[in-house]
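Colleague: Coordinates in run-v1.txt, compact mmCIF, C-alpha atoms, are listed below.
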```txt
# COMPACT_ATOMS: atom_id res chain seq x y z
CA MET C 227 0.00 0.00 0.00
CA GLU C 228 1.21 3.45 -0.80
CA ASP C 229 2.64 5.40 2.13
CA THR C 230 0.56 8.57 2.39
CA THR C 231 1.69 9.74 5.83
CA VAL C 232 2.65 13.38 6.13
CA LYS C 233 5.58 14.54 8.21
CA LEU C 234 6.73 18.10 8.65
CA LEU C 235 10.34 18.64 9.64
CA GLY C 236 10.20 22.06 11.18
CA ASN C 237 10.90 24.38 14.05
CA LYS C 238 8.25 26.55 15.71
CA GLY C 239 10.68 29.47 15.83
CA SER C 240 11.01 29.57 12.04
CA PRO C 241 8.59 31.67 9.99
CA TYR C 242 9.33 29.46 6.99
CA SER C 243 8.39 26.35 8.92
CA HIS C 244 5.27 28.19 10.12
CA ARG C 245 4.16 28.76 6.53
CA ALA C 246 4.18 25.03 5.82
CA GLU C 247 2.50 24.16 9.12
CA VAL C 248 -0.35 26.63 8.59
CA ALA C 249 -0.85 25.38 5.02
CA LEU C 250 -1.32 21.85 6.33
CA ARG C 251 -3.68 23.02 9.10
CA LEU C 252 -5.79 25.06 6.65
CA LYS C 253 -6.21 21.93 4.56
CA ASP C 254 -7.01 19.78 7.61
CA VAL C 255 -4.21 17.42 6.70
CA LYS C 256 -3.16 15.06 9.49
CA PHE C 257 0.57 15.39 9.93
CA GLU C 258 3.34 14.60 12.35
CA PHE C 259 5.47 17.60 13.36
CA LEU C 260 9.09 16.54 13.76
CA HIS C 261 10.95 19.19 15.72
CA GLU C 262 14.34 20.07 14.28
CA ASP C 263 17.04 21.50 16.52
CA LEU C 264 18.47 24.04 14.07
CA ALA C 265 21.88 23.90 15.75
CA HIS C 266 22.00 20.11 15.27
CA LYS C 267 19.91 19.22 12.27
CA SER C 268 18.74 15.63 11.96
CA ASP C 269 20.08 13.15 9.43
CA MET C 270 16.55 12.95 8.08
CA LEU C 271 16.53 16.71 7.33
CA LEU C 272 19.98 16.65 5.72
CA ARG C 273 19.03 13.62 3.64
CA HIS C 274 15.75 15.12 2.47
CA ASN C 275 17.04 18.65 1.81
CA PRO C 276 20.71 18.20 0.92
CA ILE C 277 20.75 21.35 -1.22
CA HIS C 278 19.61 23.96 1.30
CA LYS C 279 19.73 21.96 4.58
CA LYS C 280 16.87 24.08 5.91
CA VAL C 281 13.44 23.71 7.44
CA PRO C 282 10.71 23.24 6.48
CA VAL C 283 10.77 19.91 4.71
CA LEU C 284 7.46 18.22 4.06
CA VAL C 285 7.68 14.45 3.62
CA HIS C 286 4.61 13.04 1.92
CA GLY C 287 4.93 9.27 1.91
CA GLU C 288 8.51 8.91 0.74
CA LYS C 289 8.60 12.20 -1.14
CA PRO C 290 10.39 15.21 0.34
CA ILE C 291 9.51 18.78 -0.62
CA ALA C 292 11.63 21.75 0.49
CA GLU C 293 11.37 25.55 0.24
CA SER C 294 8.40 27.02 2.04
CA LEU C 295 6.59 28.71 -0.87
CA ILE C 296 6.96 25.53 -2.91
CA VAL C 297 5.66 23.47 0.00
CA ILE C 298 2.58 25.72 0.25
CA GLU C 299 1.76 25.31 -3.43
CA TYR C 300 2.34 21.55 -3.17
CA VAL C 301 0.00 21.26 -0.19
CA ASP C 302 -2.61 23.30 -2.03
CA GLU C 303 -2.41 21.07 -5.11
CA ALA C 304 -2.00 17.68 -3.44
CA PHE C 305 -4.83 17.93 -0.90
CA GLU C 306 -8.52 18.74 -1.18
CA GLY C 307 -10.34 21.40 0.80
CA TYR C 308 -9.44 25.01 1.59
CA ASN C 309 -7.99 26.95 -1.38
CA ILE C 310 -4.72 28.65 -0.44
CA LEU C 311 -4.16 30.00 -3.95
CA PRO C 312 -6.96 31.59 -5.99
CA SER C 313 -8.27 29.56 -8.93
CA ASP C 314 -8.02 32.37 -11.51
CA PRO C 315 -4.63 32.27 -13.33
CA TYR C 316 -4.12 36.04 -13.11
CA GLU C 317 -4.92 36.17 -9.41
CA ARG C 318 -2.59 33.20 -8.88
CA ALA C 319 0.18 35.10 -10.69
CA MET C 320 -0.44 38.16 -8.50
CA ALA C 321 -0.34 36.05 -5.33
CA ARG C 322 2.96 34.52 -6.42
CA PHE C 323 4.31 37.99 -7.27
CA TRP C 324 3.57 39.44 -3.83
CA ALA C 325 4.77 36.34 -2.01
CA ARG C 326 8.11 36.68 -3.80
CA PHE C 327 8.14 40.41 -3.13
CA ILE C 328 7.94 39.64 0.58
CA ASP C 329 10.82 37.15 0.37
CA ASP C 330 13.02 39.14 -1.98
CA LYS C 331 12.40 42.70 -0.78
CA VAL C 332 10.41 43.11 2.45
CA ILE C 333 12.17 40.55 4.66
CA PRO C 334 15.79 41.32 3.64
CA ALA C 335 15.34 45.10 4.10
CA PHE C 336 13.73 44.66 7.52
CA TRP C 337 16.27 42.05 8.65
CA MET C 338 19.19 44.29 7.72
CA SER C 339 17.52 47.29 9.39
CA CYS C 340 17.61 45.29 12.62
CA TRP C 341 21.23 44.21 12.47
CA THR C 342 23.16 47.21 11.17
CA ASP C 343 23.87 50.67 12.53
CA GLY C 344 24.78 54.19 11.45
CA GLU C 345 24.42 55.26 7.83
CA ILE C 346 24.07 51.72 6.57
CA GLN C 347 21.14 51.14 8.89
CA LYS C 348 19.54 54.38 7.68
CA GLY C 349 19.66 53.10 4.12
CA PHE C 350 18.04 49.80 5.06
CA ILE C 351 15.37 51.52 7.14
CA ALA C 352 14.47 53.69 4.15
CA GLN C 353 14.28 50.58 1.96
CA SER C 354 12.24 48.81 4.58
CA LYS C 355 9.74 51.66 4.88
CA GLU C 356 9.32 51.73 1.13
CA THR C 357 8.68 48.00 0.85
CA LEU C 358 6.25 48.01 3.79
CA THR C 359 4.34 50.93 2.27
CA THR C 360 4.13 49.14 -1.07
CA LEU C 361 2.93 45.98 0.63
CA GLN C 362 0.38 47.79 2.79
CA ARG C 363 -1.15 49.25 -0.36
CA GLN C 364 -2.03 45.72 -1.48
CA LEU C 365 -4.33 45.36 1.51
CA GLU C 366 -6.56 48.30 0.61
CA GLY C 367 -10.21 47.33 0.93
CA LYS C 368 -9.38 43.79 1.96
CA LYS C 369 -9.24 41.93 5.24
CA PHE C 370 -6.41 39.67 4.12
CA PHE C 371 -4.10 39.71 1.11
CA GLY C 372 -6.13 36.67 0.06
CA GLY C 373 -9.41 38.60 0.39
CA ASP C 374 -11.86 37.43 3.05
CA SER C 375 -9.68 34.52 4.10
CA ILE C 376 -5.94 33.95 4.29
CA GLY C 377 -4.01 32.75 1.27
CA LEU C 378 -0.50 32.42 -0.14
CA VAL C 379 0.53 36.05 0.46
CA ASP C 380 -0.73 36.02 4.04
CA LEU C 381 1.27 32.88 4.76
CA ALA C 382 4.30 34.38 3.03
CA GLY C 383 3.83 37.45 5.22
CA CYS C 384 3.71 35.58 8.54
CA MET C 385 7.12 36.89 9.46
CA ILE C 386 5.79 40.45 9.15
CA ALA C 387 2.66 39.58 11.13
CA PHE C 388 4.41 38.00 14.11
CA TRP C 389 8.21 37.86 13.89
CA PHE C 390 8.85 41.51 12.97
CA ALA C 391 7.58 42.71 16.38
CA VAL C 392 9.92 40.24 18.04
CA LEU C 393 12.91 41.25 15.93
CA GLN C 394 12.44 44.98 16.41
CA GLU C 395 12.05 44.51 20.16
CA VAL C 396 15.35 42.63 20.31
CA ALA C 397 17.09 45.02 17.91
CA GLY C 398 15.71 48.13 19.61
CA ILE C 399 14.10 49.70 16.56
CA ASN C 400 10.51 50.74 15.89
CA LEU C 401 9.80 50.33 12.21
CA LEU C 402 6.53 48.47 11.94
CA ASN C 403 4.12 50.37 14.18
CA GLU C 404 0.44 51.34 14.37
CA GLU C 405 1.06 54.96 13.52
CA ASP C 406 2.96 54.41 10.27
CA TYR C 407 1.34 51.16 9.15
CA PRO C 408 -2.16 50.94 10.63
CA VAL C 409 -3.47 48.65 7.92
CA LEU C 410 -0.55 46.22 8.15
CA CYS C 411 -0.83 46.17 11.96
CA ARG C 412 -4.58 45.49 11.81
CA TRP C 413 -3.89 42.71 9.29
CA ALA C 414 -1.16 41.24 11.51
CA GLU C 415 -3.65 40.98 14.36
CA ASP C 416 -6.31 39.42 12.16
CA TYR C 417 -3.78 36.98 10.72
CA CYS C 418 -2.62 35.84 14.15
CA SER C 419 -6.24 35.33 15.24
CA VAL C 420 -6.94 32.75 12.53
CA ARG C 421 -7.14 29.41 14.31
CA ALA C 422 -4.74 27.53 11.99
CA VAL C 423 -2.23 30.32 12.68
CA SER C 424 -2.65 30.77 16.43
CA GLU C 425 -2.33 26.99 16.91
CA SER C 426 1.04 27.11 15.15
CA LEU C 427 2.61 30.10 16.89
CA LEU C 428 5.03 30.01 19.80
CA ASP C 429 4.61 32.36 22.72
CA LYS C 430 6.13 35.70 21.77
CA ASN C 431 8.35 35.83 24.85
CA ILE C 432 10.01 32.57 23.90
CA LEU C 433 10.89 34.02 20.50
CA VAL C 434 12.19 37.23 22.05
CA ALA C 435 14.43 35.21 24.35
CA PHE C 436 15.63 33.10 21.43
CA PHE C 437 16.60 36.05 19.24
CA ALA C 438 18.02 37.98 22.20
CA SER C 439 20.34 35.04 22.91
CA LYS C 440 21.57 35.13 19.31
CA LYS C 441 21.73 38.91 18.98
CA GLU C 442 25.49 39.38 18.88
CA LYS C 443 26.01 36.50 16.51
CA ILE C 444 23.34 37.79 14.13
CA PHE C 445 24.75 41.30 14.26
CA ALA C 446 28.18 39.94 13.34
CA THR C 447 27.11 37.61 10.54
CA LYS C 448 23.69 38.97 9.41
CA ALA C 449 22.85 35.32 8.75
CA PRO C 450 19.34 34.02 9.40
CA VAL C 451 19.19 31.71 12.40
CA TYR C 452 15.71 30.37 11.94
CA ASP C 453 15.74 27.93 9.07
CA MET S 788 -15.57 42.88 -25.91
CA GLU S 789 -12.78 41.73 -23.64
CA ASP S 790 -9.29 42.65 -24.77
CA THR S 791 -7.37 39.38 -25.10
CA THR S 792 -4.35 40.63 -27.01
CA VAL S 793 -0.97 39.52 -25.73
CA LYS S 794 2.02 41.82 -25.65
CA LEU S 795 5.47 40.93 -24.39
CA LEU S 796 7.66 43.81 -23.26
CA GLY S 797 11.09 42.30 -23.60
CA ASN S 798 14.59 42.43 -24.92
CA LYS S 799 16.20 39.65 -26.97
CA GLY S 800 19.42 40.05 -25.01
CA SER S 801 17.75 39.16 -21.73
CA PRO S 802 17.54 35.51 -20.65
CA TYR S 803 14.56 36.43 -18.46
CA SER S 804 12.72 37.91 -21.41
CA HIS S 805 13.67 34.78 -23.39
CA ARG S 806 11.95 32.56 -20.83
CA ALA S 807 8.65 34.38 -21.33
CA GLU S 808 8.99 34.46 -25.11
CA VAL S 809 9.67 30.73 -25.38
CA ALA S 810 6.74 29.96 -23.06
CA LEU S 811 4.42 31.89 -25.41
CA ARG S 812 5.87 30.17 -28.49
CA LEU S 813 5.54 26.71 -26.94
CA LYS S 814 1.87 27.46 -26.35
CA ASP S 815 1.39 28.84 -29.87
CA VAL S 816 0.07 32.08 -28.41
CA LYS S 817 -0.05 34.98 -30.86
CA PHE S 818 1.75 37.90 -29.30
CA GLU S 819 3.32 41.21 -30.13
CA PHE S 820 6.94 41.57 -29.03
CA LEU S 821 7.60 45.12 -27.86
CA HIS S 822 11.32 45.74 -27.78
CA GLU S 823 12.54 47.54 -24.66
CA ASP S 824 15.73 49.57 -24.74
CA LEU S 825 17.05 48.64 -21.29
CA ALA S 826 18.97 51.90 -21.02
CA HIS S 827 15.78 53.90 -21.68
CA LYS S 828 12.84 51.85 -20.51
CA SER S 829 9.41 52.75 -21.88
CA ASP S 830 6.67 54.40 -19.85
CA MET S 831 4.59 51.33 -20.54
CA LEU S 832 7.19 49.09 -18.86
CA LEU S 833 7.57 51.38 -15.85
CA ARG S 834 3.80 51.65 -15.49
CA HIS S 835 3.26 47.90 -15.72
CA ASN S 836 6.18 46.84 -13.53
CA PRO S 837 6.70 49.74 -11.11
CA ILE S 838 8.14 47.44 -8.43
CA HIS S 839 11.03 45.88 -10.31
CA LYS S 840 11.13 47.98 -13.50
CA LYS S 841 12.46 44.97 -15.40
CA VAL S 842 11.69 42.89 -18.45
CA PRO S 843 9.86 40.71 -19.15
CA VAL S 844 6.38 42.03 -18.63
CA LEU S 845 3.54 40.14 -20.23
CA VAL S 846 0.43 42.20 -20.86
CA HIS S 847 -2.64 40.03 -21.40
CA GLY S 848 -5.50 42.33 -22.34
CA GLU S 849 -5.09 45.00 -19.69
CA LYS S 850 -3.39 42.75 -17.16
CA PRO S 851 0.36 42.99 -16.62
CA ILE S 852 2.40 40.09 -15.22
CA ALA S 853 6.05 40.49 -14.23
CA GLU S 854 8.84 38.19 -13.05
CA SER S 855 9.85 35.56 -15.57
CA LEU S 856 9.11 32.38 -13.60
CA ILE S 857 5.70 33.79 -12.66
CA VAL S 858 5.05 34.71 -16.29
CA ILE S 859 5.86 31.14 -17.37
CA GLU S 860 3.40 29.65 -14.87
CA TYR S 861 0.76 32.18 -15.89
CA VAL S 862 1.19 31.35 -19.58
CA ASP S 863 0.97 27.65 -18.77
CA GLU S 864 -2.25 28.12 -16.80
CA ALA S 865 -3.97 30.75 -18.95
CA PHE S 866 -3.51 29.12 -22.36
CA GLU S 867 -4.32 25.66 -23.71
CA GLY S 868 -1.88 23.36 -25.47
CA TYR S 869 1.68 22.37 -24.61
CA ASN S 870 2.28 21.62 -20.92
CA ILE S 871 5.23 23.57 -19.57
CA LEU S 872 4.79 22.27 -16.02
CA PRO S 873 4.03 18.62 -15.28
CA SER S 874 0.51 17.81 -14.11
CA ASP S 875 1.54 15.75 -11.07
CA PRO S 876 1.76 17.96 -7.93
CA TYR S 877 5.02 16.40 -6.75
CA GLU S 878 6.68 16.76 -10.14
CA ARG S 879 5.43 20.36 -10.29
CA ALA S 880 7.02 21.02 -6.90
CA MET S 881 10.31 19.52 -8.09
CA ALA S 882 10.24 21.64 -11.25
CA ARG S 883 9.66 24.76 -9.17
CA PHE S 884 12.46 23.73 -6.80
CA TRP S 885 15.07 23.35 -9.55
CA ALA S 886 13.94 26.50 -11.36
CA ARG S 887 14.51 28.46 -8.13
CA PHE S 888 17.81 26.66 -7.59
CA ILE S 889 18.96 27.99 -10.95
CA ASP S 890 17.90 31.55 -10.08
CA ASP S 891 19.11 31.55 -6.48
CA LYS S 892 22.29 29.50 -6.74
CA VAL S 893 23.51 28.64 -10.25
CA ILE S 894 23.20 32.04 -11.93
CA PRO S 895 24.59 34.20 -9.08
CA ALA S 896 27.66 31.96 -8.57
CA PHE S 897 28.44 31.91 -12.30
CA TRP S 898 27.83 35.64 -12.74
CA MET S 899 30.18 36.50 -9.88
CA SER S 900 32.79 34.05 -11.22
CA CYS S 901 32.83 36.12 -14.39
CA TRP S 902 33.18 39.52 -12.77
CA THR S 903 35.62 39.06 -9.90
CA ASP S 904 39.28 38.17 -9.67
CA GLY S 905 41.86 36.70 -7.32
CA GLU S 906 40.82 34.78 -4.22
CA ILE S 907 37.25 36.05 -4.38
CA GLN S 908 36.88 34.69 -7.90
CA LYS S 909 38.30 31.33 -6.78
CA GLY S 910 35.56 31.10 -4.17
CA PHE S 911 32.82 31.86 -6.68
CA ILE S 912 34.27 29.43 -9.22
CA ALA S 913 34.21 26.68 -6.58
CA GLN S 914 30.58 27.56 -5.79
CA SER S 915 29.73 27.65 -9.45
CA LYS S 916 31.26 24.22 -10.10
CA GLU S 917 29.32 22.76 -7.22
CA THR S 918 25.99 24.18 -8.38
CA LEU S 919 26.59 23.11 -11.99
CA THR S 920 27.48 19.58 -10.85
CA THR S 921 24.32 19.42 -8.74
CA LEU S 922 22.23 20.64 -11.63
CA GLN S 923 23.83 18.28 -14.14
CA ARG S 924 22.90 15.35 -11.89
CA GLN S 925 19.23 16.23 -12.44
CA LEU S 926 19.60 15.47 -16.14
CA GLU S 927 20.70 11.87 -15.65
CA GLY S 928 18.80 9.58 -17.99
CA LYS S 929 16.78 12.42 -19.46
CA LYS S 930 16.99 14.48 -22.62
CA PHE S 931 15.64 17.62 -20.95
CA PHE S 932 15.00 18.57 -17.33
CA GLY S 933 11.36 18.28 -18.34
CA GLY S 934 11.87 14.73 -19.69
CA ASP S 935 11.41 14.19 -23.43
CA SER S 936 10.38 17.79 -24.03
CA ILE S 937 11.35 21.12 -22.50
CA GLY S 938 9.59 22.42 -19.42
CA LEU S 939 9.88 24.98 -16.63
CA VAL S 940 13.42 24.02 -15.55
CA ASP S 941 14.73 24.06 -19.12
CA LEU S 942 13.30 27.55 -19.63
CA ALA S 943 14.71 28.65 -16.28
CA GLY S 944 18.07 27.26 -17.41
CA CYS S 945 18.18 29.13 -20.73
CA MET S 946 20.90 31.40 -19.41
CA ILE S 947 23.09 28.34 -18.79
CA ALA S 948 22.27 26.91 -22.21
CA PHE S 949 23.11 30.00 -24.24
CA TRP S 950 24.25 33.02 -22.23
CA PHE S 951 26.92 31.30 -20.10
CA ALA S 952 29.09 30.64 -23.17
CA VAL S 953 28.80 34.32 -24.10
CA LEU S 954 29.62 35.54 -20.59
CA GLN S 955 32.62 33.30 -20.13
CA GLU S 956 33.99 34.32 -23.53
CA VAL S 957 33.73 37.99 -22.56
CA ALA S 958 35.07 37.40 -19.05
CA GLY S 959 37.88 35.13 -20.23
CA ILE S 960 37.07 32.12 -18.06
CA ASN S 961 36.27 28.53 -18.99
CA LEU S 962 33.87 27.12 -16.45
CA LEU S 963 31.09 25.44 -18.39
CA ASN S 964 32.86 23.17 -20.87
CA GLU S 965 32.41 19.78 -22.57
CA GLU S 966 35.08 18.09 -20.51
CA ASP S 967 33.71 18.95 -17.08
CA TYR S 968 30.00 19.09 -17.91
CA PRO S 969 29.33 16.85 -20.92
CA VAL S 970 25.69 16.26 -20.02
CA LEU S 971 24.91 19.95 -19.45
CA CYS S 972 26.66 20.86 -22.72
CA ARG S 973 24.72 18.19 -24.64
CA TRP S 974 21.50 19.49 -23.06
CA ALA S 975 22.41 23.09 -23.94
CA GLU S 976 22.74 22.09 -27.59
CA ASP S 977 19.47 20.17 -27.55
CA TYR S 978 17.71 23.07 -25.83
CA CYS S 979 18.91 25.61 -28.38
CA SER S 980 17.77 23.32 -31.22
CA VAL S 981 14.14 23.36 -30.10
CA ARG S 982 12.29 25.52 -32.63
CA ALA S 983 10.52 27.76 -30.08
CA VAL S 984 13.95 28.45 -28.59
CA SER S 985 16.02 28.96 -31.73
CA GLU S 986 13.40 31.36 -33.08
CA SER S 987 13.82 33.47 -29.93
CA LEU S 988 17.60 33.62 -29.71
CA LEU S 989 19.82 36.43 -30.92
CA ASP S 990 22.98 35.67 -32.83
CA LYS S 991 25.70 34.81 -30.33
CA ASN S 992 28.13 37.40 -31.72
CA ILE S 993 25.66 40.19 -31.06
CA LEU S 994 25.44 39.14 -27.42
CA VAL S 995 29.22 38.88 -27.12
CA ALA S 996 29.55 42.40 -28.48
CA PHE S 997 26.85 43.64 -26.10
CA PHE S 998 28.45 42.20 -22.98
CA ALA S 999 31.95 43.16 -24.13
CA SER S 1000 30.81 46.78 -24.43
CA LYS S 1001 29.52 46.65 -20.83
CA LYS S 1002 32.41 44.66 -19.40
CA GLU S 1003 34.07 47.37 -17.32
CA LYS S 1004 30.81 48.63 -15.95
CA ILE S 1005 29.68 45.13 -14.96
CA PHE S 1006 33.04 44.41 -13.34
CA ALA S 1007 32.71 47.59 -11.29
CA THR S 1008 29.09 47.19 -10.19
CA LYS S 1009 28.41 43.40 -10.57
CA ALA S 1010 24.90 44.50 -11.49
CA PRO S 1011 22.92 42.61 -14.14
CA VAL S 1012 22.54 44.59 -17.35
CA TYR S 1013 20.01 42.41 -19.11
CA ASP S 1014 16.67 42.91 -17.44
```
If you convert what's in this file into structure tokens, what do you get?

Modeller:
Amino acid sequence: MEDTTVKLLGNKGSPYSHRAEVALRLKDVKFEFLHEDLAHKSDMLLRHNPIHKKVPVLVHGEKPIAESLIVIEYVDEAFEGYNILPSDPYERAMARFWARFIDDKVIPAFWMSCWTDGEIQKGFIAQSKETLTTLQRQLEGKKFFGGDSIGLVDLAGCMIAFWFAVLQEVAGINLLNEEDYPVLCRWAEDYCSVRAVSESLLDKNILVAFFASKKEKIFATKAPVYD
Amino acid sequence: MEDTTVKLLGNKGSPYSHRAEVALRLKDVKFEFLHEDLAHKSDMLLRHNPIHKKVPVLVHGEKPIAESLIVIEYVDEAFEGYNILPSDPYERAMARFWARFIDDKVIPAFWMSCWTDGEIQKGFIAQSKETLTTLQRQLEGKKFFGGDSIGLVDLAGCMIAFWFAVLQEVAGINLLNEEDYPVLCRWAEDYCSVRAVSESLLDKNILVAFFASKKEKIFATKAPVYD
């Protein structure tokens, strides 16, 4: 008989792992969450994602799938139920565009704003403000990026919705705030209230402690510590 | 009546533009190719792709779609005919994974190998060899990454198939060659022989002249000049 079990190799502290976990929960897929210690990754993770060696890795039967946005699309296509991507080809293209915009522009600018100083930090903060403003504009007239319910772009944006507050608290900056980004902040709250999301999130204080413990190392290397 | 015309804002010198053009040709979509002078981009391009300001931009009726891999998936979903992505969800995920691997790992390592020197270049050449070896392994037992016919990964790899030879000639390095990568070189030839591809390609000498004229600027900035 074909093995159809679903395992998620992930870490609750990772926004990328979170994306995959929420996708599975939205689809009501039964899965086993296998916690990965990111400082000592398992042989199973390294075997299933030898290229990037990162979480998340979804293992469906014997088949491993890596890279969080690719995992989300796989989950959406392989399982019935909730639609994470829209069905219209143009809306699908737009969802993919904004998901990539978050990964390629919004997250890097914010991350670097947290872990630099002086003139260099000023440059990244300016970039970060610009990308957040552009992104916020996409929410006009909508509850979620996906419309009335969360979709690909909302999942892609989970780091903005939950992790950014943690990061800026640890870094001592105040970039994403109610005054400058009321719509994004309202969205972040709504996103975190969705059951599939809230069930997947760690307590914020645990995340703050985690990033605080890594602060000097991150500042020195700028390298992500959460995948 | 709904406007269903298809326009491609592109430049024949750009591998990203090429991806979109070949996707349209594979699908037998009638389209108008609007040449963009990359040094003086049109108002239409800037209006339709204000975020990245890059080619290609596909305009379907009134709807603009940017980012080459997203354009390919849109073309595959919006038009009947040739299948650029496989229909099986797992195979689709794998195609997306390797297409992103090319964009995130193979192209940057090769590009930097061309436009650096000394110890730094040695590091990029080592990276480039590793990524090319990993990619070549995906071709084992297959004519194309897509199997018997070209698909998403082949289109994503067009820069390797045609542009890499141009770049290494201009840069004076010899990374991708028959001896070290016989399977990739055989694939490159097969790829360029596909009619939808050969109809889209510029003469190699024109590209060599183009990159040669930009050589010093690229060396100084490392910035892409072809999108």

Colleague: Name all residues at most 12 Å from Glu1003 of chain S (count only C-alpha atoms; drop same-chain ones fewer than 6 positions away) and give them as a ChimeraX atom specification.

Modeller: /S:901-903,957-958,997,1009-1010,1012

Colleague: Could you produce a table of the residues of segment 805-902 of chain S lying within 12 Å of segment 962-984 of chain S, with the nearest pair of atoms per residue and their separation in Å rounded to one decimal, using all atoms listed in the file, ordered by chain and increasing residue number, as a tab-separated table?

Modeller:
```
residue	atom	partner	partner_atom	distance
S:His805	CA	S:Val984	CA	8.2
S:Arg806	CA	S:Val984	CA	9.0
S:Ala807	CA	S:Val984	CA	10.8
S:Glu808	CA	S:Ala983	CA	8.5
S:Val809	CA	S:Ala983	CA	5.6
S:Ala810	CA	S:Ala983	CA	8.3
S:Leu811	CA	S:Ala983	CA	8.7
S:Arg812	CA	S:Ala983	CA	5.5
S:Leu813	CA	S:Ala983	CA	6.0
S:Lys814	CA	S:Ala983	CA	9.4
S:Asp815	CA	S:Ala983	CA	9.2
S:Val816	CA	S:Ala983	CA	11.4
S:Tyr869	CA	S:Ala983	CA	11.7
S:Val893	CA	S:Leu963	CA	11.6
S:Ala896	CA	S:Leu962	CA	11.1
S:Phe897	CA	S:Leu962	CA	8.3
S:Trp898	CA	S:Leu962	CA	11.1
S:Ser900	CA	S:Leu962	CA	8.7
S:Cys901	CA	S:Leu962	CA	9.3
```

Colleague: Which residues of chain S are close to chain C, meaning at most 12 Å apart when you count only C-alpha atoms, and how do they look as an MDAnalysis selection string?

Modeller: chainID S and resid 836:839 845:866 874:889 891:893 917:918 920:922

Colleague: Output the selection as a tab-separated table (two decimals), in the frame of the given file - C-alpha atoms for each residue.

Modeller:
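The file below, part_23.tsv, is the result:
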```tsv
chain	number	residue	atom	x	y	z
S	836	ASN	CA	6.18	46.84	-13.53
S	837	PRO	CA	6.70	49.74	-11.11
S	838	ILE	CA	8.14	47.44	-8.43
S	839	HIS	CA	11.03	45.88	-10.31
S	845	LEU	CA	3.54	40.14	-20.23
S	846	VAL	CA	0.43	42.20	-20.86
S	847	HIS	CA	-2.64	40.03	-21.40
S	848	GLY	CA	-5.50	42.33	-22.34
S	849	GLU	CA	-5.09	45.00	-19.69
S	850	LYS	CA	-3.39	42.75	-17.16
S	851	PRO	CA	0.36	42.99	-16.62
S	852	ILE	CA	2.40	40.09	-15.22
S	853	ALA	CA	6.05	40.49	-14.23
S	854	GLU	CA	8.84	38.19	-13.05
S	855	SER	CA	9.85	35.56	-15.57
S	856	LEU	CA	9.11	32.38	-13.60
S	857	ILE	CA	5.70	33.79	-12.66
S	858	VAL	CA	5.05	34.71	-16.29
S	859	ILE	CA	5.86	31.14	-17.37
S	860	GLU	CA	3.40	29.65	-14.87
S	861	TYR	CA	0.76	32.18	-15.89
S	862	VAL	CA	1.19	31.35	-19.58
S	863	ASP	CA	0.97	27.65	-18.77
S	864	GLU	CA	-2.25	28.12	-16.80
S	865	ALA	CA	-3.97	30.75	-18.95
S	866	PHE	CA	-3.51	29.12	-22.36
S	874	SER	CA	0.51	17.81	-14.11
S	875	ASP	CA	1.54	15.75	-11.07
S	876	PRO	CA	1.76	17.96	-7.93
S	877	TYR	CA	5.02	16.40	-6.75
S	878	GLU	CA	6.68	16.76	-10.14
S	879	ARG	CA	5.43	20.36	-10.29
S	880	ALA	CA	7.02	21.02	-6.90
S	881	MET	CA	10.31	19.52	-8.09
S	882	ALA	CA	10.24	21.64	-11.25
S	883	ARG	CA	9.66	24.76	-9.17
S	884	PHE	CA	12.46	23.73	-6.80
S	885	TRP	CA	15.07	23.35	-9.55
S	886	ALA	CA	13.94	26.50	-11.36
S	887	ARG	CA	14.51	28.46	-8.13
S	888	PHE	CA	17.81	26.66	-7.59
S	889	ILE	CA	18.96	27.99	-10.95
S	891	ASP	CA	19.11	31.55	-6.48
S	892	LYS	CA	22.29	29.50	-6.74
S	893	VAL	CA	23.51	28.64	-10.25
S	917	GLU	CA	29.32	22.76	-7.22
S	918	THR	CA	25.99	24.18	-8.38
S	920	THR	CA	27.48	19.58	-10.85
S	921	THR	CA	24.32	19.42	-8.74
S	922	LEU	CA	22.23	20.64	-11.63
```

Colleague: Restricting the calculation to only C-alpha atoms, which member of S:Val842, S:Ala943, S:Lys799, S:Ser936 is positioned closest to Asp890 of chain S?

Modeller: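 Nearest candidate to Asp890 of chain S out of S:Val842, S:Ala943, S:Lys799, S:Ser936: S:Ala943.
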
Colleague: Just give me the gap between atom CA of Phe257 of chain C and atom CA of Pro282 of chain C in Å, one decimal is fine.

Modeller: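 Distance between the two atoms: 13.3 Å.
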
Colleague: With a distance cut-off of 10 Å and all atoms listed in the file, select the neighbouring residues of segment 819-823 of chain S, excluding the residue or stretch itself and same-chain residues fewer than 4 positions from it, and output the selection as a list in words.

Modeller: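 Those residues are Thr792, Val793, Lys794, Leu795, Leu796, Gly797, Asn798, Lys799, Glu808, His827, Lys828, Ser829, Met831, Leu832, Lys841, Val842, Pro843, Val844, Leu845, Val846 and Asp1014 of chain S.
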
Colleague: Mind listing whatever residues come within 8 Å of the point (25.1, 30.9, -16.1)? Use all atoms listed in the file, file coordinates, and give them as a PyMOL selection string.

Modeller: chain S and resi 893-895+897-898+946-948+950-951+954

Colleague: Write out, as a JSON list (two decimals), in the frame of the given file, the residues just selected, with C-alpha atoms.

Modeller:
```json
[["chain", "number", "residue", "atom", "x", "y", "z"],
["S", 893, "VAL", "CA", 23.51, 28.64, -10.25],
["S", 894, "ILE", "CA", 23.20, 32.04, -11.93],
["S", 895, "PRO", "CA", 24.59, 34.20, -9.08],
["S", 897, "PHE", "CA", 28.44, 31.91, -12.30],
["S", 898, "TRP", "CA", 27.83, 35.64, -12.74],
["S", 946, "MET", "CA", 20.90, 31.40, -19.41],
["S", 947, "ILE", "CA", 23.09, 28.34, -18.79],
["S", 948, "ALA", "CA", 22.27, 26.91, -22.21],
["S", 950, "TRP", "CA", 24.25, 33.02, -22.23],
["S", 951, "PHE", "CA", 26.92, 31.30, -20.10],
["S", 954, "LEU", "CA", 29.62, 35.54, -20.59]]
```
